>>> print(open('input-v3.tsv').read())   # TSV, C-alpha atoms
chain	number	residue	atom	x	y	z
A	12	MET	CA	11.25	-11.33	16.77
A	13	THR	CA	13.18	-14.14	15.11
A	14	ILE	CA	12.26	-12.86	11.63
A	15	ALA	CA	13.18	-9.28	12.60
A	16	HIS	CA	16.49	-10.44	14.08
A	17	HIS	CA	17.30	-12.46	10.95
A	18	THR	CA	16.41	-9.48	8.72
A	19	ILE	CA	18.64	-7.12	10.72
A	20	ASN	CA	21.53	-9.58	10.56
A	21	SER	CA	21.08	-9.99	6.81
A	22	MET	CA	21.03	-6.24	6.22
A	23	THR	CA	24.07	-5.78	8.45
A	24	GLY	CA	25.88	-8.44	6.44
A	25	LEU	CA	25.01	-6.68	3.20
A	26	LEU	CA	26.26	-3.33	4.50
A	27	LYS	CA	29.57	-4.91	5.51
A	28	ALA	CA	29.94	-6.81	2.24
A	29	LYS	CA	33.19	-6.09	0.43
A	30	PRO	CA	34.06	-6.28	-3.28
A	31	GLY	CA	34.54	-9.89	-4.30
A	32	SER	CA	32.18	-11.36	-1.71
A	33	LYS	CA	29.02	-13.12	-2.86
A	34	GLU	CA	26.90	-10.58	-0.94
A	35	TYR	CA	28.48	-7.56	-2.65
A	36	PRO	CA	26.27	-7.62	-5.80
A	37	GLN	CA	23.21	-7.63	-3.52
A	38	LYS	CA	24.58	-4.61	-1.67
A	39	ILE	CA	25.04	-2.72	-4.93
A	40	LEU	CA	21.58	-3.77	-6.12
A	41	TRP	CA	19.96	-2.44	-2.92
A	42	LEU	CA	21.80	0.84	-3.42
A	43	ILE	CA	20.57	1.06	-7.03
A	44	LEU	CA	17.01	0.29	-5.93
A	45	LEU	CA	17.16	2.97	-3.23
A	46	LEU	CA	18.51	5.64	-5.58
A	47	GLY	CA	16.01	4.61	-8.26
A	48	LEU	CA	13.21	4.91	-5.71
A	49	LEU	CA	14.32	8.41	-4.66
A	50	CYS	CA	14.47	9.57	-8.30
A	51	ARG	CA	10.95	8.32	-8.90
A	52	ILE	CA	9.54	9.87	-5.73
A	53	TYR	CA	11.03	13.21	-6.76
A	54	ILE	CA	9.69	13.13	-10.33
A	55	ALA	CA	6.21	12.06	-9.16
A	56	PHE	CA	5.70	14.38	-6.19
A	57	PHE	CA	8.26	17.20	-6.15
A	58	ALA	CA	9.10	18.06	-9.76
A	59	PRO	CA	7.00	20.95	-11.14
A	60	LEU	CA	5.53	18.68	-13.82
A	61	PRO	CA	1.98	17.49	-14.53
A	62	ASN	CA	0.58	14.04	-13.74
A	63	ILE	CA	-2.60	14.08	-15.82
A	64	HIS	CA	-2.40	13.50	-19.58
A	65	THR	CA	-5.25	13.86	-22.07
A	66	ASP	CA	-5.58	10.07	-22.17
A	67	SER	CA	-5.63	9.97	-18.35
A	68	LYS	CA	-9.02	11.69	-18.36
A	69	ASP	CA	-10.43	8.97	-20.64
A	70	TYR	CA	-9.05	6.20	-18.41
A	71	PHE	CA	-10.57	7.89	-15.36
A	72	SER	CA	-13.89	8.25	-17.18
A	73	GLN	CA	-13.91	4.54	-18.04
A	74	ALA	CA	-13.03	3.77	-14.42
A	75	ASP	CA	-16.01	5.84	-13.22
A	76	THR	CA	-18.25	3.90	-15.60
A	77	LEU	CA	-16.95	0.62	-14.14
A	78	LEU	CA	-17.69	1.85	-10.61
A	79	GLN	CA	-21.23	2.70	-11.69
A	80	GLY	CA	-21.74	-0.85	-12.96
A	81	GLY	CA	-21.32	-0.03	-16.64
A	82	TYR	CA	-18.66	-0.78	-19.22
A	83	THR	CA	-17.06	1.47	-21.85
A	84	ASN	CA	-15.63	-0.62	-24.65
A	85	PHE	CA	-13.08	1.74	-26.13
A	86	PHE	CA	-9.63	1.85	-24.52
A	87	PRO	CA	-8.57	-1.50	-23.04
A	88	ASN	CA	-10.02	-1.61	-19.54
A	89	GLY	CA	-6.93	-3.01	-17.82
A	90	TYR	CA	-5.78	0.36	-16.51
A	91	PRO	CA	-9.32	1.67	-15.85
A	92	PHE	CA	-9.87	-1.40	-13.65
A	93	ILE	CA	-6.76	-0.43	-11.64
A	94	VAL	CA	-7.98	3.17	-11.37
A	95	ALA	CA	-11.46	2.03	-10.33
A	96	LEU	CA	-10.06	-0.23	-7.62
A	97	VAL	CA	-7.84	2.56	-6.28
A	98	LYS	CA	-10.73	5.04	-6.32
A	99	LEU	CA	-12.87	2.54	-4.43
A	100	ILE	CA	-10.21	2.01	-1.75
A	101	ALA	CA	-8.38	5.34	-1.56
A	102	GLY	CA	-11.21	7.76	-2.35
A	103	SER	CA	-9.96	11.34	-2.50
A	104	ALA	CA	-6.35	10.12	-2.24
A	105	ALA	CA	-6.64	8.20	-5.52
A	106	ILE	CA	-4.20	10.38	-7.48
A	107	SER	CA	-1.37	10.12	-4.95
A	108	THR	CA	-2.07	6.40	-4.47
A	109	LEU	CA	-1.83	5.78	-8.21
A	110	LEU	CA	1.48	7.66	-8.28
A	111	TRP	CA	2.80	5.48	-5.45
A	112	ILE	CA	1.69	2.41	-7.41
A	113	ASN	CA	3.59	3.73	-10.44
A	114	ILE	CA	6.68	4.23	-8.27
A	115	ALA	CA	6.43	0.73	-6.82
A	116	MET	CA	5.94	-0.86	-10.24
A	117	SER	CA	8.85	1.05	-11.73
A	118	VAL	CA	11.19	0.10	-8.87
A	119	CYS	CA	10.09	-3.52	-9.26
A	120	ASN	CA	11.11	-3.27	-12.90
A	121	ILE	CA	14.64	-2.38	-11.81
A	122	TYR	CA	14.72	-5.63	-9.84
A	123	PHE	CA	13.12	-7.58	-12.70
A	124	VAL	CA	15.74	-6.28	-15.13
A	125	PHE	CA	18.53	-7.32	-12.77
A	126	CYS	CA	17.08	-10.83	-12.51
A	127	ILE	CA	16.45	-11.13	-16.27
A	128	ALA	CA	19.99	-10.00	-17.12
A	129	SER	CA	21.36	-12.42	-14.51
A	130	SER	CA	19.40	-15.27	-16.05
A	131	VAL	CA	20.23	-14.42	-19.66
A	132	PHE	CA	23.94	-13.57	-19.37
A	133	LYS	CA	24.87	-15.31	-16.09
A	134	ASN	CA	27.00	-12.35	-15.05
A	135	HIS	CA	26.38	-10.13	-12.02
A	136	ARG	CA	28.27	-7.19	-13.50
A	137	VAL	CA	26.05	-7.12	-16.59
A	138	ALA	CA	22.98	-7.50	-14.37
A	139	LEU	CA	24.02	-4.65	-12.08
A	140	LEU	CA	24.88	-2.51	-15.08
A	141	ALA	CA	21.41	-3.15	-16.54
A	142	ALA	CA	19.76	-2.33	-13.22
A	143	GLY	CA	21.82	0.85	-12.92
A	144	ILE	CA	20.90	1.97	-16.43
A	145	ILE	CA	17.15	1.46	-16.02
A	146	ALA	CA	17.20	3.09	-12.58
A	147	PHE	CA	18.30	6.40	-14.11
A	148	PHE	CA	17.24	6.05	-17.75
A	149	PRO	CA	15.44	9.37	-18.48
A	150	SER	CA	12.23	8.02	-20.00
A	151	GLN	CA	11.96	5.24	-17.42
A	152	VAL	CA	12.06	7.85	-14.66
A	153	ASN	CA	9.98	10.53	-16.38
A	154	TYR	CA	6.90	8.48	-17.22
A	155	VAL	CA	6.43	7.44	-13.59
A	156	ARG	CA	4.74	10.81	-13.04
A	157	TRP	CA	2.13	10.21	-15.75
A	158	LEU	CA	-1.10	8.42	-14.81
A	159	MET	CA	-1.28	6.43	-18.03
A	160	THR	CA	-0.73	2.86	-19.20
A	161	GLU	CA	3.03	3.00	-19.75
A	162	VAL	CA	4.22	2.01	-16.27
A	163	PRO	CA	1.63	-0.73	-15.58
A	164	ALA	CA	2.14	-2.18	-19.07
A	165	ALA	CA	5.91	-2.28	-18.55
A	166	PHE	CA	5.51	-3.80	-15.09
A	167	PHE	CA	3.32	-6.68	-16.27
A	168	LEU	CA	5.34	-7.24	-19.45
A	169	VAL	CA	8.77	-7.26	-17.80
A	170	GLY	CA	7.37	-9.13	-14.81
A	171	GLY	CA	6.03	-11.80	-17.16
A	172	TYR	CA	9.52	-12.39	-18.55
A	173	HIS	CA	10.99	-12.39	-15.05
A	174	PHE	CA	8.66	-15.20	-14.01
A	175	TYR	CA	9.28	-17.05	-17.28
A	176	PHE	CA	13.01	-17.15	-16.58
A	177	ARG	CA	12.21	-18.21	-13.01
A	178	LYS	CA	10.12	-21.06	-14.51
A	179	ASN	CA	6.97	-19.84	-12.76
A	180	TYR	CA	4.88	-20.20	-15.89
A	181	TRP	CA	1.49	-19.62	-14.27
A	182	LEU	CA	2.55	-16.18	-13.05
A	183	CYS	CA	4.31	-15.52	-16.34
A	184	GLY	CA	1.11	-16.16	-18.24
A	185	ILE	CA	-1.01	-14.12	-15.82
A	186	PHE	CA	1.37	-11.15	-16.02
A	187	LEU	CA	1.46	-11.25	-19.83
A	188	GLY	CA	-2.33	-11.54	-19.88
A	189	LEU	CA	-2.59	-8.49	-17.62
A	190	ALA	CA	-0.13	-6.63	-19.86
A	191	THR	CA	-2.46	-7.38	-22.77
A	192	LEU	CA	-5.45	-6.03	-20.82
A	193	VAL	CA	-3.53	-2.78	-20.33
A	194	ARG	CA	-2.22	-2.60	-23.92
A	195	THR	CA	-3.74	-5.10	-26.37
A	196	GLU	CA	-0.72	-4.86	-28.68
A	197	PHE	CA	1.09	-7.26	-26.30
A	198	LEU	CA	-1.15	-10.22	-27.14
A	199	PRO	CA	1.31	-11.35	-29.88
A	200	VAL	CA	4.08	-11.40	-27.25
A	201	LEU	CA	2.13	-13.99	-25.26
A	202	VAL	CA	1.41	-16.03	-28.40
A	203	LEU	CA	4.98	-15.88	-29.74
A	204	LEU	CA	6.49	-16.77	-26.36
A	205	PHE	CA	4.21	-19.81	-26.17
A	206	LEU	CA	5.15	-20.83	-29.73
A	207	ALA	CA	8.87	-20.27	-29.11
A	208	ASP	CA	8.62	-22.41	-26.00
A	209	ALA	CA	7.00	-25.17	-28.03
A	210	LEU	CA	9.49	-24.90	-30.92
A	211	PHE	CA	12.78	-24.55	-29.04
A	212	VAL	CA	12.10	-26.14	-25.67
A	213	LYS	CA	9.95	-28.88	-27.23
A	214	ARG	CA	6.97	-28.70	-24.89
A	215	VAL	CA	3.39	-27.51	-24.81
A	216	ASN	CA	3.50	-25.03	-21.94
A	217	LEU	CA	-0.13	-25.15	-20.84
A	218	ARG	CA	0.57	-23.26	-17.61
A	219	LEU	CA	1.88	-20.32	-19.63
A	220	LEU	CA	-1.06	-20.46	-22.04
A	221	MET	CA	-3.79	-20.91	-19.45
A	222	GLY	CA	-2.29	-18.26	-17.18
A	223	GLY	CA	-2.33	-15.82	-20.09
A	224	LEU	CA	-5.84	-16.67	-21.20
A	225	LEU	CA	-7.39	-16.45	-17.72
A	226	PRO	CA	-7.45	-12.63	-17.35
A	227	LEU	CA	-8.33	-12.20	-21.03
A	228	LEU	CA	-11.33	-14.52	-20.76
A	229	LEU	CA	-12.52	-12.90	-17.53
A	230	VAL	CA	-12.46	-9.35	-18.92
A	231	GLY	CA	-13.74	-10.39	-22.34
A	232	SER	CA	-16.65	-12.24	-20.71
A	233	TYR	CA	-17.44	-9.27	-18.47
A	234	CYS	CA	-17.48	-7.07	-21.58
A	235	TYR	CA	-19.89	-9.52	-23.22
A	236	LEU	CA	-22.21	-9.42	-20.21
A	237	LYS	CA	-22.29	-5.63	-20.27
A	238	THR	CA	-22.25	-4.88	-24.00
A	239	GLY	CA	-23.17	-8.09	-25.79
A	240	GLU	CA	-19.74	-8.18	-27.45
A	241	PHE	CA	-16.74	-10.27	-26.40
A	242	ALA	CA	-13.83	-7.84	-26.72
A	243	LEU	CA	-10.71	-6.63	-24.96
A	244	ALA	CA	-10.96	-3.15	-26.50
A	245	GLY	CA	-13.24	-1.30	-28.88
A	246	HIS	CA	-10.95	1.22	-30.52
A	247	SER	CA	-9.75	-0.79	-33.53
A	248	ARG	CA	-11.83	1.27	-35.99
A	249	PHE	CA	-10.53	4.51	-34.45
A	250	ASN	CA	-6.93	3.28	-34.55
A	251	THR	CA	-7.19	2.16	-38.17
A	252	LEU	CA	-8.73	5.44	-39.36
A	253	THR	CA	-6.21	7.47	-37.37
A	254	SER	CA	-3.44	5.46	-39.04
A	255	VAL	CA	-4.60	6.43	-42.54
A	256	THR	CA	-3.09	9.92	-42.36
A	257	ALA	CA	-0.54	9.31	-39.59
A	258	SER	CA	3.07	10.13	-40.41
A	259	GLY	CA	5.48	10.29	-37.50
A	260	ASN	CA	4.36	12.95	-35.03
A	261	HIS	CA	1.70	14.23	-37.44
A	262	ILE	CA	-1.43	12.41	-36.25
A	263	ASP	CA	-5.01	13.52	-36.87
A	264	PHE	CA	-6.86	12.08	-33.88
A	265	TYR	CA	-10.11	13.61	-35.18
A	266	PHE	CA	-10.02	11.87	-38.54
A	267	ALA	CA	-12.51	9.22	-37.40
A	268	ASN	CA	-14.96	11.92	-36.26
A	269	LYS	CA	-14.61	13.75	-39.57
A	270	HIS	CA	-15.52	10.61	-41.53
A	271	PRO	CA	-18.52	8.92	-39.89
A	272	GLU	CA	-19.21	7.12	-43.17
A	273	TYR	CA	-16.47	4.64	-42.23
A	274	ASN	CA	-18.59	3.32	-39.41
A	275	THR	CA	-17.29	-0.24	-39.24
A	276	ASN	CA	-13.87	-1.75	-38.73
A	277	ALA	CA	-14.11	-3.45	-42.13
A	278	LYS	CA	-14.69	-0.10	-43.88
A	279	ALA	CA	-11.80	1.46	-41.96
A	280	VAL	CA	-9.44	-1.35	-42.98
A	281	GLN	CA	-10.56	-1.04	-46.60
A	282	LEU	CA	-9.81	2.71	-46.56
A	283	TYR	CA	-6.36	1.98	-45.11
A	284	LEU	CA	-5.62	-0.54	-47.87
A	285	ASP	CA	-6.99	1.76	-50.58
A	286	THR	CA	-4.72	4.54	-49.33
A	287	LEU	CA	-1.75	2.18	-49.53
A	288	LYS	CA	-2.62	1.14	-53.10
A	289	LYS	CA	-3.21	4.69	-54.36
A	290	ALA	CA	-0.05	6.20	-52.90
A	291	PRO	CA	2.49	3.49	-52.02
A	292	VAL	CA	5.46	5.87	-51.96
A	293	ALA	CA	3.71	8.26	-49.57
A	294	TYR	CA	2.67	5.27	-47.46
A	295	ILE	CA	6.27	4.04	-47.18
A	296	LYS	CA	7.45	7.54	-46.23
A	297	SER	CA	4.82	7.83	-43.53
A	298	ARG	CA	5.75	4.38	-42.14
A	299	ALA	CA	9.41	5.44	-42.09
A	300	ALA	CA	8.38	8.58	-40.21
A	301	ASN	CA	6.57	6.35	-37.68
A	302	LEU	CA	9.74	4.33	-37.18
A	303	TRP	CA	11.73	7.52	-36.60
A	304	GLU	CA	9.14	8.76	-34.11
A	305	LEU	CA	9.58	5.55	-32.14
A	306	TRP	CA	13.36	5.09	-32.27
A	307	GLY	CA	14.82	8.14	-34.02
A	308	PHE	CA	18.09	9.64	-32.77
A	309	TYR	CA	16.67	13.16	-32.73
A	310	ALA	CA	13.07	13.37	-31.58
A	311	ALA	CA	10.69	15.46	-33.64
A	312	ALA	CA	8.87	18.50	-32.29
A	313	THR	CA	5.28	17.99	-31.16
A	314	PRO	CA	2.16	20.17	-31.38
A	315	SER	CA	2.36	20.61	-27.59
A	316	GLY	CA	5.86	22.09	-27.98
A	317	ARG	CA	8.44	19.48	-27.01
A	318	MET	CA	11.50	21.33	-25.68
A	319	LEU	CA	14.82	21.09	-27.49
A	320	ILE	CA	16.58	19.51	-24.50
A	321	THR	CA	13.78	16.92	-24.27
A	322	ARG	CA	14.20	16.06	-27.95
A	323	ILE	CA	17.95	15.63	-27.48
A	324	ILE	CA	17.54	13.44	-24.39
A	325	ILE	CA	14.97	11.22	-26.13
A	326	GLY	CA	17.24	10.91	-29.17
A	327	LEU	CA	20.29	10.02	-27.08
A	328	GLY	CA	18.28	7.40	-25.21
A	329	ASN	CA	17.11	5.84	-28.47
A	330	PHE	CA	20.64	5.97	-29.85
A	331	PHE	CA	21.95	4.10	-26.83
A	332	LEU	CA	19.25	1.41	-26.96
A	333	ILE	CA	19.58	0.78	-30.69
A	334	VAL	CA	23.36	1.12	-31.13
A	335	PHE	CA	24.18	-0.96	-28.06
A	336	GLY	CA	21.09	-3.17	-27.82
A	337	LEU	CA	20.77	-4.58	-31.34
A	338	PRO	CA	24.46	-5.59	-31.72
A	339	ALA	CA	24.21	-7.53	-28.44
A	340	PHE	CA	21.15	-9.32	-29.77
A	341	TRP	CA	22.96	-10.16	-32.99
A	342	ARG	CA	26.03	-11.50	-31.19
A	343	HIS	CA	23.92	-13.75	-28.98
A	344	ARG	CA	21.03	-14.41	-31.37
A	345	LYS	CA	21.56	-18.19	-31.28
A	346	GLU	CA	20.85	-18.25	-27.55
A	347	TYR	CA	17.20	-19.01	-26.83
A	348	LYS	CA	16.86	-16.54	-23.94
A	349	VAL	CA	18.23	-13.70	-26.05
A	350	LEU	CA	16.02	-14.66	-28.97
A	351	ILE	CA	12.83	-14.38	-26.95
A	352	LEU	CA	14.07	-11.20	-25.27
A	353	ILE	CA	13.78	-9.30	-28.55
A	354	ILE	CA	10.12	-10.26	-29.14
A	355	PRO	CA	8.52	-7.24	-27.35
A	356	PHE	CA	10.79	-4.81	-29.22
A	357	VAL	CA	9.87	-6.34	-32.58
A	358	ILE	CA	6.12	-6.44	-31.85
A	359	VAL	CA	5.81	-2.87	-30.60
A	360	THR	CA	7.94	-1.54	-33.46
A	361	LEU	CA	5.98	-3.36	-36.17
A	362	VAL	CA	2.56	-2.52	-34.71
A	363	HIS	CA	3.25	1.19	-34.51
A	364	ILE	CA	4.96	1.39	-37.86
A	365	VAL	CA	1.79	-0.02	-39.40
A	366	TYR	CA	-0.58	2.12	-37.31
A	367	PHE	CA	0.55	5.37	-35.69
A	368	ALA	CA	3.48	6.12	-33.42
A	369	MET	CA	4.19	8.15	-30.33
A	370	GLN	CA	7.51	8.17	-28.54
A	371	ARG	CA	6.01	6.90	-25.27
A	372	TYR	CA	4.85	3.69	-26.93
A	373	THR	CA	8.40	2.34	-26.66
A	374	TYR	CA	8.47	2.70	-22.86
A	375	PRO	CA	7.34	-0.85	-21.97
A	376	VAL	CA	9.97	-2.49	-24.21
A	377	GLU	CA	12.90	-0.27	-23.25
A	378	PRO	CA	13.82	-2.55	-20.29
A	379	PHE	CA	14.48	-5.44	-22.69
A	380	MET	CA	16.73	-3.30	-24.85
A	381	ILE	CA	18.50	-2.05	-21.71
A	382	VAL	CA	19.35	-5.65	-20.77
A	383	LEU	CA	20.89	-6.17	-24.20
A	384	ALA	CA	22.61	-2.77	-24.21
A	385	ALA	CA	24.20	-3.51	-20.83
A	386	CYS	CA	25.84	-6.57	-22.37
A	387	SER	CA	27.38	-4.41	-25.11
A	388	VAL	CA	28.60	-1.82	-22.62
A	389	TYR	CA	30.21	-4.58	-20.56
A	390	ALA	CA	31.88	-5.91	-23.70
A	391	LEU	CA	33.64	-2.56	-24.22
A	392	SER	CA	36.00	-3.35	-21.35
A	393	HIS	CA	35.86	-7.16	-21.34
A	394	LYS	CA	36.86	-9.33	-24.27
A	395	THR	CA	34.76	-12.28	-23.13
A	396	LEU	CA	31.48	-12.57	-21.26
A	397	ARG	CA	32.36	-15.00	-18.51
A	398	PRO	CA	29.46	-16.33	-16.43
A	399	ASP	CA	29.68	-16.05	-12.65
A	400	GLU	CA	29.97	-19.46	-11.05
A	401	ALA	CA	26.90	-19.10	-8.85
A	402	LEU	CA	24.73	-17.87	-11.72
A	403	ALA	CA	26.08	-20.54	-14.06
A	404	ASN	CA	24.86	-23.10	-11.54
A	405	GLY	CA	21.39	-21.59	-11.58
A	406	ASN	CA	21.60	-19.49	-8.41
A	407	VAL	CA	20.25	-16.19	-9.70
>>> encode(input="input-v3.tsv", output="structure tokens")
Amino acid sequence: MTIAHHTINSMTGLLKAKPGSKEYPQKILWLILLLGLLCRIYIAFFAPLPNIHTDSKDYFSQADTLLQGGYTNFFPNGYPFIVALVKLIAGSAAISTLLWINIAMSVCNIYFVFCIASSVFKNHRVALLAAGIIAFFPSQVNYVRWLMTEVPAAFFLVGGYHFYFRKNYWLCGIFLGLATLVRTEFLPVLVLLFLADALFVKRVNLRLLMGGLLPLLLVGSYCYLKTGEFALAGHSRFNTLTSVTASGNHIDFYFANKHPEYNTNAKAVQLYLDTLKKAPVAYIKSRAANLWELWGFYAAATPSGRMLITRIIIGLGNFFLIVFGLPAFWRHRKEYKVLILIIPFVIVTLVHIVYFAMQRYTYPVEPFMIVLAACSVYALSHKTLRPDEALANGNV
């Protein structure tokens, strides 16, 4: 009763909070979270749009294998483990349960972004602006309906940074490790954050390192027990061969099947390098096309028939993130927290320029660019970025 009474009083205080009071930013944040939640519930359950992607079927297949006591070493098994657990608990309601998990993770990311922006820029207005942007950012809302890796990867990645700025390094490491289990491309983020911590903060952050290694070692060891190979994923050969002919949205996902002679990762890498040497100009053009597919201001058409309005919305979103996000990074590049904030953007961009690119691959790093972009938007009407007193004193 005491807890309930205290909660009711707190909520009543928030509802009565007026502009200028210390509770007012919390009131606005709760409103943003509520509206963001409603948007995500609508897109997941009421919009006439699909939830199952081609890749979803493969994740579900790997999850079924896990439930049967086996192990498929192809896609990273981070998301299949989540699907398997939900299937075990929810049974026939697995699809709707997974959608609710996506909704919860995405709403948590709104809160994480608010906290990260508060920690980085020490300004509630910038933090609320960042939270407001991510709450309604088209791609951040749209992908909640898809049962794929985007939302869980973003949740663990952004959550890892949230806990880093909160100085909870164990949870930071665990979240970044889990992000890597969902999408292995995030392993360099964990490594670079550890190295940046050692270089700039002058410490060996063992809690961060051990927290990150724990889930990786557990899943890698389980893979070894089941397959005889210690691995986090088994699709490196497929990815390398697919990258040979990839150019923007033109991706031949059957290239590996057409060329069984390249049956090892070493042979696939050699083919990739030979292709680069034989046609360097074509290689550079295809890598530029990959970059445009990721962050271009006018999204390309797709074989599935991406609508014109969708292409425009994607392009405008990318324009906003790049044109507003990168200048904010440059202005504050000497600040340690801003410097490490750009790491996920750099890693994802470089990885998919080198390999192959799809627009959805940027989803997990968009929240970081939104934090930076919010700072630039704030600067349009404010000459200086003045920290709020409470945040400047460490009360985020």
>>> atom_distance(input="input-v3.tsv", atom1="atom CA of Leu287 of chain A", atom2="atom CA of Ala310 of chain A")
25.8 Å
>>> closest_residue(input="input-v3.tsv", among="A:Phe264, A:Phe379, A:Tyr389, A:Phe367", to="Phe123 of chain A", atoms="all atoms listed in the file")
A:Phe379
>>> atom_distance(input="input-v3.tsv", atom1="atom CA of Tyr283 of chain A", atom2="atom CA of Asn250 of chain A")
10.7 Å
>>> closest_residue(input="input-v3.tsv", among="A:Leu168, A:Phe148, A:His343, A:Pro226", to="Leu204 of chain A", atoms="only C-alpha atoms")
A:Leu168
>>> closest_residue(input="input-v3.tsv", among="A:Val169, A:Ile112, A:Ile354, A:Leu327", to="Val202 of chain A", atoms="all atoms listed in the file")
A:Ile354
>>> atom_distance(input="input-v3.tsv", atom1="atom CA of Glu272 of chain A", atom2="atom CA of His363 of chain A")
24.8 Å
>>> residues_around(input="input-v3.tsv", residues="Met159 of chain A", least_positions_apart="4", cutoff="12 Å", atoms="only C-alpha atoms", output="number ranges by chain")
A: 62-71, 86-91, 93-94, 106, 109-110, 112-113, 154-155, 163-165, 193-194, 371-372, 374-375
>>> closest_residue(input="input-v3.tsv", among="A:Met318, A:Ser258, A:Thr373, A:Tyr265", to="Leu305 of chain A", atoms="all atoms listed in the file")
A:Thr373
>>> closest_residue(input="input-v3.tsv", among="A:Leu302, A:Leu192, A:Ala384, A:Val359", to="Phe331 of chain A", atoms="only C-alpha atoms")
A:Ala384
>>> closest_residue(input="input-v3.tsv", among="A:Leu383, A:Val388, A:Ala339, A:Val280", to="Val365 of chain A", atoms="all atoms listed in the file")
A:Val280
>>> decode(input="input-v3.tsv", residues="segment 140-192 of chain A", atoms="C-alpha atoms", output="tab-separated table (two decimals), in the first residue's frame")
chain	number	residue	atom	x	y	z
A	140	LEU	CA	14.27	16.38	-28.40
A	141	ALA	CA	16.26	13.18	-29.02
A	142	ALA	CA	13.59	11.09	-27.30
A	143	GLY	CA	10.87	12.79	-29.32
A	144	ILE	CA	12.69	12.18	-32.60
A	145	ILE	CA	13.32	8.48	-32.01
A	146	ALA	CA	9.76	7.98	-30.75
A	147	PHE	CA	8.37	8.93	-34.17
A	148	PHE	CA	11.33	8.34	-36.50
A	149	PRO	CA	9.81	6.34	-39.40
A	150	SER	CA	12.29	3.47	-39.56
A	151	GLN	CA	12.45	3.16	-35.76
A	152	VAL	CA	8.68	2.69	-35.69
A	153	ASN	CA	8.33	0.59	-38.85
A	154	TYR	CA	10.81	-2.17	-38.02
A	155	VAL	CA	9.04	-2.96	-34.73
A	156	ARG	CA	6.57	-5.00	-36.78
A	157	TRP	CA	9.27	-7.22	-38.29
A	158	LEU	CA	10.34	-10.35	-36.42
A	159	MET	CA	14.01	-9.97	-37.25
A	160	THR	CA	17.24	-8.96	-35.52
A	161	GLU	CA	16.97	-5.19	-35.94
A	162	VAL	CA	15.02	-4.33	-32.78
A	163	PRO	CA	16.83	-6.72	-30.39
A	164	ALA	CA	20.22	-5.67	-31.79
A	165	ALA	CA	19.37	-1.99	-31.30
A	166	PHE	CA	18.04	-2.65	-27.78
A	167	PHE	CA	21.19	-4.41	-26.60
A	168	LEU	CA	23.53	-1.99	-28.39
A	169	VAL	CA	21.88	1.21	-27.17
A	170	GLY	CA	21.28	-0.35	-23.76
A	171	GLY	CA	24.98	-1.15	-23.53
A	172	TYR	CA	25.86	2.51	-24.02
A	173	HIS	CA	23.17	3.55	-21.55
A	174	PHE	CA	24.74	1.39	-18.86
A	175	TYR	CA	28.23	2.56	-19.82
A	176	PHE	CA	27.26	6.17	-19.19
A	177	ARG	CA	25.60	5.06	-15.95
A	178	LYS	CA	28.94	3.43	-15.00
A	179	ASN	CA	27.34	0.01	-14.69
A	180	TYR	CA	30.10	-1.66	-16.66
A	181	TRP	CA	29.05	-5.26	-16.00
A	182	LEU	CA	25.64	-4.68	-17.58
A	183	CYS	CA	27.24	-2.60	-20.33
A	184	GLY	CA	29.50	-5.50	-21.26
A	185	ILE	CA	26.70	-8.06	-21.05
A	186	PHE	CA	24.42	-5.95	-23.26
A	187	LEU	CA	27.16	-5.42	-25.86
A	188	GLY	CA	27.95	-9.13	-25.75
A	189	LEU	CA	24.28	-9.94	-26.35
A	190	ALA	CA	24.20	-7.41	-29.20
A	191	THR	CA	27.11	-9.31	-30.75
A	192	LEU	CA	25.25	-12.61	-30.39
